[in-house]
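Data first, discussion second: the structure below is written as structure tokens.
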Protein chains: 2
Amino acid sequence: MNHITSKDNKGIKEYIKLARSRSYREETGCFALETVKLVQEALDSGVNILRLYAGPELQKNRPDLLEQARELGTEINLISPELEEKMTQTGNSRGCFAVCKRLDKLHHMDTIGKKGRFLFLNGLQDNGNVGTILRTAEALGVDGVILSRDCCDLFALKTLRAAMGSAFRIPVYRSEDPRADLLRLGERFLTCAAVVGGDARPVTEVPFGPNVILVIGNEGNGLPEEISSCCRLRITIPMAGKAESLNAAMAAGILTWEMLRRPAQSL
Amino acid sequence: MNHITSKDNKGIKEYIKLARSRSYREETGCFALETVKLVQEALDSGVNILRLYAGPELQKNRPDLLEQARELGTEINLISPELEEKMTQTGNSRGCFAVCKRLDKLHHMDTIGKKGRFLFLNGLQDNGNVGTILRTAEALGVDGVILSRDCCDLFALKTLRAAMGSAFRIPVYRSEDPRADLLRLGERFLTCAAVVGGDARPVTEVPFGPNVILVIGNEGNGLPEEISSCCRLRITIPMAGKAESLNAAMAAGILTWEMLRRPAQSL
């Protein structure tokens, strides 16, 4: 066990860089995790935690967590409150920081099975939305979530926090070429583009079967025509009132709910 | 038209105090609004805007908005970029700040009609959640939203931003005594307490009629027994996976969607 007190420690600097830089996360294949709750979720979900940094509060209150990590081969480092302050992005770490290996997360598109119900997030930019959608997708029972290349980072702390551990459990895929992937997937899945109004079919009338890919667009602009035109159906949530639209995560949640409730209903 | 450059201007100080202090908002019956989008929504929704503070960007790009406000009797003040920086809570004001009158928002409970479908938010603490729920409620066609006394402030900028103008349009009521109000409302509405799991009825099997009050609990703790026991039904969203629960706004959105889709289905 190491005791670290210097701000110039190499590991501490690396943690902070991982927490702040998406390109560094992608370059190293690692990510930074903070808060007792998230690190516990990661441990319980089999995430490979390379190094743990434990402040006094964690050492005192959660020796079991430290023991669990040590048994899994994690390097444990004890840190001072001053270092915690330097490392924290949330102000609510409870003295718990980890450097994790991404490993096999972000599967290639060609590993998606031939059946199931999936979400496809195209160009979402808000970490909170992506995290909330992952959490909702897992809770409702989606088989996996596909992120287009231009989505915000799954491994950003804000995304992981909003996902409440779901990011460690639900299969996540990455699409480098959304148009090509959607055209190919459309051969065996009902690909549905979520749009606002227009000539789209109300979601309550969509014949969702067991194999569906629900495509959700960006917060500000929705789905570009070049993406929605690659889908077999355009679907929408009927709106009342003057609200122009729903929040992207809320729209995704309601559409996901509909996609999953239908088969049960027709049993 | 006034030109203001001093940070010690009484109106500027009052704006900042309104933006930051709930108790001052309640004491004065006013609230602070920021960003072009929100102020435009307020104008279009008939909110009484007492004073407008316009920075250079607004003066240049939106003379129409200033004219619209002037015609409605709003006092217009021109401010310097330095003052904008002092006033902004969002960093995205586009030079647009307003002091508004609350007027008849937050209706008394006894003005709720005898029919309709309402949300009752009990003790929600996250401004973003309350705003998102208001936006969703309006978009889906809820007749009104009731906030318990211990909910976060409807007139906080964070709430108003997440609501995207819905807070100015959908009727909002305030419950000083949730238990008594729910018992009374239960005589003519189907009062449904949203809970997680347990012996609650799956939302897909709830006989929602045209008169429903859907009661949503606090983010961390859900509904206390003393509140859910005042409702006629306990209902829940069936969960798959390991996610413990949905985000409070998401749960409210899915339940609201179900409450409103049912009658259409049975027509």
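Residues in the structure tokens are numbered from 1 in each chain, the chains being A, B, ... in the order shown, and ligands are numbered from 1 in the order shown.
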
Report as a PDB file with N, CA and C atoms, in the first residue's frame all protein, DNA and RNA residues lying within 9 Å of Gly55 (chain B), evaluated on only C-alpha atoms, omitting residues in the same chain fewer than 2 positions from it.
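Output saved as result15.pdb:
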ATOM      1  N   TYR B  53     -33.545  44.151 -18.610  1.00  0.00           N
ATOM      2  CA  TYR B  53     -32.180  44.663 -18.683  1.00  0.00           C
ATOM      3  C   TYR B  53     -31.546  44.115 -19.954  1.00  0.00           C
ATOM      4  N   GLU B  57     -25.672  42.852 -26.952  1.00  0.00           N
ATOM      5  CA  GLU B  57     -26.045  41.809 -27.911  1.00  0.00           C
ATOM      6  C   GLU B  57     -27.548  41.800 -28.151  1.00  0.00           C
ATOM      7  N   LEU B  58     -28.321  41.947 -27.062  1.00  0.00           N
ATOM      8  CA  LEU B  58     -29.779  41.960 -27.217  1.00  0.00           C
ATOM      9  C   LEU B  58     -30.236  43.211 -27.964  1.00  0.00           C
ATOM     10  N   GLN B  59     -29.639  44.351 -27.615  1.00  0.00           N
ATOM     11  CA  GLN B  59     -30.007  45.599 -28.290  1.00  0.00           C
ATOM     12  C   GLN B  59     -29.792  45.498 -29.799  1.00  0.00           C
ATOM     13  N   LYS B  60     -28.711  44.839 -30.167  1.00  0.00           N
ATOM     14  CA  LYS B  60     -28.353  44.753 -31.580  1.00  0.00           C
ATOM     15  C   LYS B  60     -29.206  43.722 -32.318  1.00  0.00           C
ATOM     16  N   ASN B  77     -34.126  48.835 -19.530  1.00  0.00           N
ATOM     17  CA  ASN B  77     -32.853  49.387 -19.074  1.00  0.00           C
ATOM     18  C   ASN B  77     -31.729  48.828 -19.931  1.00  0.00           C
ATOM     19  N   LEU B  78     -30.863  49.717 -20.399  1.00  0.00           N
ATOM     20  CA  LEU B  78     -29.708  49.264 -21.166  1.00  0.00           C
ATOM     21  C   LEU B  78     -28.515  49.098 -20.228  1.00  0.00           C
ATOM     22  N   ILE B  79     -27.817  47.978 -20.365  1.00  0.00           N
ATOM     23  CA  ILE B  79     -26.715  47.707 -19.440  1.00  0.00           C
ATOM     24  C   ILE B  79     -25.433  47.406 -20.199  1.00  0.00           C
ATOM     25  N   SER B  80     -24.341  47.517 -19.479  1.00  0.00           N
ATOM     26  CA  SER B  80     -23.013  47.291 -20.060  1.00  0.00           C
ATOM     27  C   SER B  80     -22.642  45.808 -19.942  1.00  0.00           C
ATOM     28  N   PRO B  81     -21.677  45.358 -20.779  1.00  0.00           N
ATOM     29  CA  PRO B  81     -21.219  43.958 -20.695  1.00  0.00           C
ATOM     30  C   PRO B  81     -20.702  43.598 -19.308  1.00  0.00           C
ATOM     31  N   LEU B  83     -21.860  44.597 -16.473  1.00  0.00           N
ATOM     32  CA  LEU B  83     -23.011  44.277 -15.626  1.00  0.00           C
ATOM     33  C   LEU B  83     -23.592  42.911 -15.978  1.00  0.00           C
ATOM     34  N   GLU B  84     -23.634  42.611 -17.262  1.00  0.00           N
ATOM     35  CA  GLU B  84     -24.100  41.276 -17.677  1.00  0.00           C
ATOM     36  C   GLU B  84     -23.343  40.188 -16.940  1.00  0.00           C
ATOM     37  N   ARG B  94     -27.185  36.010 -23.461  1.00  0.00           N
ATOM     38  CA  ARG B  94     -27.331  36.808 -24.674  1.00  0.00           C
ATOM     39  C   ARG B  94     -27.789  38.231 -24.352  1.00  0.00           C
ATOM     40  N   GLY B  95     -27.388  38.695 -23.191  1.00  0.00           N
ATOM     41  CA  GLY B  95     -27.690  40.070 -22.821  1.00  0.00           C
ATOM     42  C   GLY B  95     -29.144  40.317 -22.449  1.00  0.00           C
ATOM     43  N   CYS B  96     -29.826  39.291 -21.970  1.00  0.00           N
ATOM     44  CA  CYS B  96     -31.264  39.447 -21.704  1.00  0.00           C
ATOM     45  C   CYS B  96     -31.630  39.004 -20.290  1.00  0.00           C
ATOM     46  N   PHE B  97     -32.099  39.983 -19.498  1.00  0.00           N
ATOM     47  CA  PHE B  97     -32.457  39.737 -18.106  1.00  0.00           C
ATOM     48  C   PHE B  97     -33.794  40.414 -17.802  1.00  0.00           C
TER      49      PHE B  97
END

Residue neighbourhood Asn221 (chain A), 12 Å, only C-alpha atoms, exclusion window fewer than 4 positions, as a PyMOL selection string | chain A and resi 122-125+194-196+216-217+225+245+247-248

With a cut-off of 9 Å and counting only C-alpha atoms, select all residues of chain A in contact with chain B and give the selection as a PyMOL selection string.
-> chain A and resi 132+135-136+138-142+162+164-166+169-170+204+237-247+249-251+253-254+257+261+265

Save out the residues we just selected, N, CA, C and O atoms, as a CSV table (one decimal), in the first residue's frame.
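Result file is part34.csv:
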chain,number,residue,atom,x,y,z
A,132,THR,N,-28.6,9.2,-18.4
A,132,THR,CA,-30.0,8.9,-18.1
A,132,THR,C,-30.6,7.8,-19.0
A,132,THR,O,-31.3,7.0,-18.6
A,135,ARG,N,-29.3,4.4,-18.0
A,135,ARG,CA,-30.0,4.0,-16.8
A,135,ARG,C,-31.4,3.5,-17.1
A,135,ARG,O,-31.8,2.4,-16.6
A,136,THR,N,-32.1,4.2,-17.9
A,136,THR,CA,-33.5,3.9,-18.2
A,136,THR,C,-33.5,2.6,-19.1
A,136,THR,O,-34.4,1.8,-18.9
A,138,GLU,N,-31.4,0.2,-19.2
A,138,GLU,CA,-31.2,-1.0,-18.4
A,138,GLU,C,-32.4,-1.4,-17.5
A,138,GLU,O,-32.9,-2.5,-17.4
A,139,ALA,N,-33.0,-0.3,-16.9
A,139,ALA,CA,-34.1,-0.6,-16.0
A,139,ALA,C,-35.3,-1.2,-16.7
A,139,ALA,O,-36.1,-2.0,-16.2
A,140,LEU,N,-35.5,-0.7,-18.0
A,140,LEU,CA,-36.7,-1.2,-18.7
A,140,LEU,C,-36.4,-2.5,-19.5
A,140,LEU,O,-37.3,-3.2,-19.9
A,141,GLY,N,-35.1,-2.9,-19.6
A,141,GLY,CA,-34.8,-4.1,-20.2
A,141,GLY,C,-34.4,-4.1,-21.7
A,141,GLY,O,-34.6,-5.1,-22.4
A,142,VAL,N,-33.8,-3.1,-22.1
A,142,VAL,CA,-33.2,-3.0,-23.5
A,142,VAL,C,-32.0,-3.9,-23.6
A,142,VAL,O,-31.3,-4.2,-22.6
A,162,ALA,N,-24.7,9.9,-14.3
A,162,ALA,CA,-26.1,9.8,-14.6
A,162,ALA,C,-26.6,8.4,-14.9
A,162,ALA,O,-27.7,8.1,-14.7
A,164,MET,N,-25.6,5.8,-13.3
A,164,MET,CA,-25.8,5.1,-12.0
A,164,MET,C,-25.3,3.6,-12.1
A,164,MET,O,-26.0,2.7,-11.6
A,165,GLY,N,-24.2,3.4,-12.8
A,165,GLY,CA,-23.7,2.0,-12.8
A,165,GLY,C,-24.2,1.2,-14.1
A,165,GLY,O,-23.6,0.2,-14.4
A,166,SER,N,-25.3,1.7,-14.7
A,166,SER,CA,-25.8,1.0,-15.9
A,166,SER,C,-24.7,0.9,-17.0
A,166,SER,O,-24.7,-0.1,-17.7
A,169,ARG,N,-22.9,-2.3,-17.0
A,169,ARG,CA,-23.6,-3.6,-17.1
A,169,ARG,C,-24.3,-3.8,-18.5
A,169,ARG,O,-24.3,-4.9,-19.0
A,170,ILE,N,-24.9,-2.7,-19.1
A,170,ILE,CA,-25.6,-2.9,-20.3
A,170,ILE,C,-24.6,-2.9,-21.5
A,170,ILE,O,-23.7,-2.2,-21.5
A,204,THR,N,-47.9,5.0,-30.6
A,204,THR,CA,-48.9,4.0,-30.2
A,204,THR,C,-49.4,3.1,-31.3
A,204,THR,O,-50.0,2.1,-31.1
A,237,ILE,N,-43.8,10.9,-30.8
A,237,ILE,CA,-44.7,10.9,-29.6
A,237,ILE,C,-45.7,12.0,-29.9
A,237,ILE,O,-45.3,13.2,-30.0
A,238,PRO,N,-47.0,11.7,-29.9
A,238,PRO,CA,-48.0,12.7,-30.1
A,238,PRO,C,-47.9,13.8,-29.0
A,238,PRO,O,-47.8,13.4,-27.8
A,239,MET,N,-48.0,15.0,-29.3
A,239,MET,CA,-47.9,16.1,-28.3
A,239,MET,C,-49.2,16.9,-28.2
A,239,MET,O,-49.9,17.2,-29.1
A,240,ALA,N,-49.4,17.3,-27.0
A,240,ALA,CA,-50.5,18.3,-26.7
A,240,ALA,C,-49.7,19.6,-26.4
A,240,ALA,O,-48.5,19.7,-26.4
A,241,GLY,N,-50.5,20.6,-26.1
A,241,GLY,CA,-49.9,21.8,-25.5
A,241,GLY,C,-48.9,22.5,-26.4
A,241,GLY,O,-48.8,22.2,-27.6
A,242,LYS,N,-48.3,23.6,-25.9
A,242,LYS,CA,-47.4,24.4,-26.7
A,242,LYS,C,-45.9,24.0,-26.6
A,242,LYS,O,-45.1,24.6,-27.2
A,243,ALA,N,-45.6,23.0,-25.7
A,243,ALA,CA,-44.2,22.6,-25.6
A,243,ALA,C,-43.8,22.1,-26.9
A,243,ALA,O,-44.5,21.3,-27.5
A,244,GLU,N,-42.7,22.6,-27.4
A,244,GLU,CA,-42.2,22.2,-28.7
A,244,GLU,C,-41.8,20.8,-28.8
A,244,GLU,O,-41.9,20.1,-29.8
A,245,SER,N,-41.2,20.3,-27.8
A,245,SER,CA,-40.7,18.9,-27.8
A,245,SER,C,-40.4,18.5,-26.4
A,245,SER,O,-40.4,19.3,-25.4
A,246,LEU,N,-40.0,17.2,-26.3
A,246,LEU,CA,-39.6,16.7,-25.0
A,246,LEU,C,-38.1,16.8,-24.9
A,246,LEU,O,-37.4,16.8,-26.0
A,247,ASN,N,-37.5,16.8,-23.8
A,247,ASN,CA,-36.1,16.6,-23.5
A,247,ASN,C,-35.7,15.2,-24.2
A,247,ASN,O,-36.5,14.3,-24.2
A,249,ALA,N,-33.7,12.8,-23.5
A,249,ALA,CA,-33.7,11.6,-22.6
A,249,ALA,C,-35.1,11.2,-22.3
A,249,ALA,O,-35.4,10.0,-22.3
A,250,MET,N,-36.0,12.2,-22.1
A,250,MET,CA,-37.4,11.8,-21.8
A,250,MET,C,-38.1,11.2,-23.0
A,250,MET,O,-38.8,10.2,-22.9
A,251,ALA,N,-37.8,11.7,-24.2
A,251,ALA,CA,-38.4,11.2,-25.4
A,251,ALA,C,-37.9,9.7,-25.6
A,251,ALA,O,-38.6,8.8,-25.9
A,253,GLY,N,-36.9,7.7,-23.3
A,253,GLY,CA,-37.5,6.9,-22.3
A,253,GLY,C,-38.9,6.5,-22.6
A,253,GLY,O,-39.2,5.3,-22.5
A,254,ILE,N,-39.7,7.4,-23.1
A,254,ILE,CA,-41.1,7.1,-23.4
A,254,ILE,C,-41.2,6.1,-24.6
A,254,ILE,O,-41.9,5.2,-24.6
A,257,TRP,N,-40.0,2.7,-23.5
A,257,TRP,CA,-41.1,2.1,-22.8
A,257,TRP,C,-42.2,1.5,-23.7
A,257,TRP,O,-42.6,0.3,-23.6
A,261,ARG,N,-43.2,-2.4,-24.1
A,261,ARG,CA,-44.5,-2.8,-23.5
A,261,ARG,C,-45.3,-3.6,-24.5
A,261,ARG,O,-46.1,-4.4,-24.2
A,265,GLN,N,-47.9,-6.9,-24.2
A,265,GLN,CA,-49.4,-6.6,-24.4
A,265,GLN,C,-50.0,-7.6,-25.3
A,265,GLN,O,-51.1,-8.0,-25.1

Residue contacts of Asn211 (chain A) (7 Å, only C-alpha atoms) excluding same-chain residues fewer than 4 positions away, as a ChimeraX atom specification | /A:115-117,189-190

Neighbours of Asp44 (chain B) within 10 Å (only C-alpha atoms; same-chain residues fewer than 5 positions away dropped), as an NGL selection string?
-> :B and (38-39 or 68-69 or 165 or 168-169)

Can those selected residues be exported to a file as a PDB file, in the first residue's frame so that it contains N, CA and C atoms?
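To be explicit, this is the file written out as selection04.pdb:
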ATOM      1  N   LEU B  38     -35.898  32.256 -22.740  1.00  0.00           N
ATOM      2  CA  LEU B  38     -36.851  32.208 -21.634  1.00  0.00           C
ATOM      3  C   LEU B  38     -37.659  33.497 -21.537  1.00  0.00           C
ATOM      4  N   VAL B  39     -36.998  34.634 -21.746  1.00  0.00           N
ATOM      5  CA  VAL B  39     -37.722  35.906 -21.654  1.00  0.00           C
ATOM      6  C   VAL B  39     -38.756  35.996 -22.786  1.00  0.00           C
ATOM      7  N   GLN B  68     -41.524  44.653 -28.261  1.00  0.00           N
ATOM      8  CA  GLN B  68     -42.664  43.894 -27.738  1.00  0.00           C
ATOM      9  C   GLN B  68     -42.835  44.147 -26.239  1.00  0.00           C
ATOM     10  N   ALA B  69     -41.718  44.157 -25.513  1.00  0.00           N
ATOM     11  CA  ALA B  69     -41.776  44.392 -24.072  1.00  0.00           C
ATOM     12  C   ALA B  69     -42.239  45.817 -23.769  1.00  0.00           C
ATOM     13  N   GLY B 165     -40.211  27.111 -20.615  1.00  0.00           N
ATOM     14  CA  GLY B 165     -41.409  27.915 -20.822  1.00  0.00           C
ATOM     15  C   GLY B 165     -42.696  27.263 -20.347  1.00  0.00           C
ATOM     16  N   PHE B 168     -44.667  28.715 -17.447  1.00  0.00           N
ATOM     17  CA  PHE B 168     -45.495  29.913 -17.645  1.00  0.00           C
ATOM     18  C   PHE B 168     -46.873  29.563 -18.181  1.00  0.00           C
ATOM     19  N   ARG B 169     -47.044  28.352 -18.630  1.00  0.00           N
ATOM     20  CA  ARG B 169     -48.289  28.011 -19.330  1.00  0.00           C
ATOM     21  C   ARG B 169     -49.157  26.982 -18.617  1.00  0.00           C
TER      22      ARG B 169
END

Name the residues in contact with Asp110 (chain B) at a cut-off of 12 Å, using only C-alpha atoms, excluding same-chain residues fewer than 3 positions from it; report them as a PDB file with N, CA, C and O atoms, in the first residue's frame.
ATOM      1  N   LEU B 106     -49.055  29.616  -9.114  1.00  0.00           N
ATOM      2  CA  LEU B 106     -49.236  28.888  -7.861  1.00  0.00           C
ATOM      3  C   LEU B 106     -50.638  29.120  -7.306  1.00  0.00           C
ATOM      4  O   LEU B 106     -50.829  29.791  -6.287  1.00  0.00           O
ATOM      5  N   HIS B 107     -51.580  28.569  -7.980  1.00  0.00           N
ATOM      6  CA  HIS B 107     -52.980  28.635  -7.568  1.00  0.00           C
ATOM      7  C   HIS B 107     -53.196  27.900  -6.245  1.00  0.00           C
ATOM      8  O   HIS B 107     -52.473  26.982  -5.913  1.00  0.00           O
ATOM      9  N   GLY B 113     -60.196  22.042 -10.577  1.00  0.00           N
ATOM     10  CA  GLY B 113     -61.524  21.642 -11.020  1.00  0.00           C
ATOM     11  C   GLY B 113     -61.885  20.251 -10.537  1.00  0.00           C
ATOM     12  O   GLY B 113     -61.135  19.623  -9.794  1.00  0.00           O
ATOM     13  N   LYS B 114     -63.041  19.792 -10.952  1.00  0.00           N
ATOM     14  CA  LYS B 114     -63.503  18.491 -10.469  1.00  0.00           C
ATOM     15  C   LYS B 114     -63.064  17.359 -11.373  1.00  0.00           C
ATOM     16  O   LYS B 114     -63.311  16.196 -11.094  1.00  0.00           O
ATOM     17  N   ILE B 146     -49.328  19.877  -9.306  1.00  0.00           N
ATOM     18  CA  ILE B 146     -49.394  20.334  -7.918  1.00  0.00           C
ATOM     19  C   ILE B 146     -48.025  20.135  -7.281  1.00  0.00           C
ATOM     20  O   ILE B 146     -47.434  19.070  -7.414  1.00  0.00           O
ATOM     21  N   TYR B 173     -50.254  24.335  -8.999  1.00  0.00           N
ATOM     22  CA  TYR B 173     -50.929  24.531  -7.730  1.00  0.00           C
ATOM     23  C   TYR B 173     -49.950  24.231  -6.601  1.00  0.00           C
ATOM     24  O   TYR B 173     -48.987  23.511  -6.788  1.00  0.00           O
ATOM     25  N   ARG B 174     -50.231  24.775  -5.465  1.00  0.00           N
ATOM     26  CA  ARG B 174     -49.344  24.537  -4.328  1.00  0.00           C
ATOM     27  C   ARG B 174     -50.132  23.902  -3.186  1.00  0.00           C
ATOM     28  O   ARG B 174     -51.169  24.413  -2.773  1.00  0.00           O
ATOM     29  N   SER B 175     -49.610  22.776  -2.709  1.00  0.00           N
ATOM     30  CA  SER B 175     -50.274  22.087  -1.607  1.00  0.00           C
ATOM     31  C   SER B 175     -49.542  22.356  -0.307  1.00  0.00           C
ATOM     32  O   SER B 175     -48.387  21.982  -0.137  1.00  0.00           O
ATOM     33  N   GLU B 176     -50.240  23.013   0.621  1.00  0.00           N
ATOM     34  CA  GLU B 176     -49.640  23.307   1.921  1.00  0.00           C
ATOM     35  C   GLU B 176     -49.699  22.082   2.830  1.00  0.00           C
ATOM     36  O   GLU B 176     -48.892  21.932   3.739  1.00  0.00           O
ATOM     37  N   ALA B 180     -53.792  16.034   3.785  1.00  0.00           N
ATOM     38  CA  ALA B 180     -55.198  16.470   3.774  1.00  0.00           C
ATOM     39  C   ALA B 180     -55.694  16.671   2.338  1.00  0.00           C
ATOM     40  O   ALA B 180     -56.805  16.264   1.984  1.00  0.00           O
ATOM     41  N   ASP B 181     -54.836  17.274   1.509  1.00  0.00           N
ATOM     42  CA  ASP B 181     -55.250  17.527   0.122  1.00  0.00           C
ATOM     43  C   ASP B 181     -55.483  16.221  -0.630  1.00  0.00           C
ATOM     44  O   ASP B 181     -56.449  16.085  -1.380  1.00  0.00           O
ATOM     45  N   LEU B 182     -54.594  15.243  -0.422  1.00  0.00           N
ATOM     46  CA  LEU B 182     -54.745  13.978  -1.153  1.00  0.00           C
ATOM     47  C   LEU B 182     -55.976  13.215  -0.687  1.00  0.00           C
ATOM     48  O   LEU B 182     -56.688  12.601  -1.493  1.00  0.00           O
ATOM     49  N   ARG B 184     -58.729  14.520   0.480  1.00  0.00           N
ATOM     50  CA  ARG B 184     -59.878  15.236  -0.069  1.00  0.00           C
ATOM     51  C   ARG B 184     -60.012  14.975  -1.568  1.00  0.00           C
ATOM     52  O   ARG B 184     -61.085  14.661  -2.076  1.00  0.00           O
ATOM     53  N   LEU B 185     -58.880  15.080  -2.286  1.00  0.00           N
ATOM     54  CA  LEU B 185     -58.919  14.873  -3.740  1.00  0.00           C
ATOM     55  C   LEU B 185     -59.290  13.434  -4.088  1.00  0.00           C
ATOM     56  O   LEU B 185     -59.881  13.172  -5.135  1.00  0.00           O
TER      57      LEU B 185
END

How far is it from CA of Arg188 (chain A) to CA of Pro224 (chain A), in Å with one decimal?
->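 According to the coordinates, CA of Arg188 (chain A) and CA of Pro224 (chain A) are separated by 22.6 Å.
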
To one decimal place, how far is CA of Arg20 (chain B) from CA of Thr35 (chain A) in Å?
-> 28.3 Å

For Leu154 (chain B), which of B:Leu223, B:Ala32, B:Leu66, B:Val203 is the closest residue, counting only C-alpha atoms?
-> B:Ala32

So which bits of region 11-255 of chain B end up strand (DSSP E or B) when you DSSP the backbone, as a VMD selection string?
-> chain B and resid 30 to 34 48 to 54 75 to 79 96 to 101 107 to 108 117 to 121 144 to 148 172 to 175 190 to 194 201 to 202 212 to 216 218 222 233 to 236

What residues in region 50-180 of chain B get the DSSP label helix (DSSP H, G or I)? Please answer as a ChimeraX atom specification.
-> /B:56-61,63-71,81-87,109-111,127-140,157-163,166-168,178-180

Shell around Cys192 (chain B) at 6 Å using only C-alpha atoms, local window under 6 positions removed, as a ChimeraX atom specification | /B:214-215,231,233-234

Go ahead and write the residues just picked, N, CA, C and O atoms, as a short mmCIF file (atom, residue, chain, number, x, y, z; two decimals), in the first residue's frame.
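Printed below is selection28.cif as written:
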data_model
loop_
_atom_site.label_atom_id
_atom_site.label_comp_id
_atom_site.auth_asym_id
_atom_site.auth_seq_id
_atom_site.Cartn_x
_atom_site.Cartn_y
_atom_site.Cartn_z
N LEU B 214 -51.61 11.67 -10.10
CA LEU B 214 -50.44 10.81 -10.04
C LEU B 214 -49.44 11.45 -9.09
O LEU B 214 -49.00 12.58 -9.33
N VAL B 215 -49.08 10.74 -8.03
CA VAL B 215 -48.25 11.33 -6.98
C VAL B 215 -46.82 10.79 -7.08
O VAL B 215 -46.59 9.58 -7.01
N CYS B 231 -53.25 7.70 -0.58
CA CYS B 231 -53.66 7.51 -1.97
C CYS B 231 -54.49 6.24 -2.11
O CYS B 231 -54.36 5.31 -1.31
N LEU B 233 -54.39 4.06 -4.65
CA LEU B 233 -53.64 2.97 -5.29
C LEU B 233 -52.15 3.22 -5.15
O LEU B 233 -51.70 4.35 -5.15
N ARG B 234 -51.37 2.14 -5.09
CA ARG B 234 -49.92 2.23 -5.26
C ARG B 234 -49.60 1.63 -6.61
O ARG B 234 -50.01 0.49 -6.89
#

Go through B:Leu18, B:Ile76, B:Pro202, B:Cys151 and flag the residue nearest His3 (chain B), using only C-alpha atoms for the distances.
-> B:Ile76
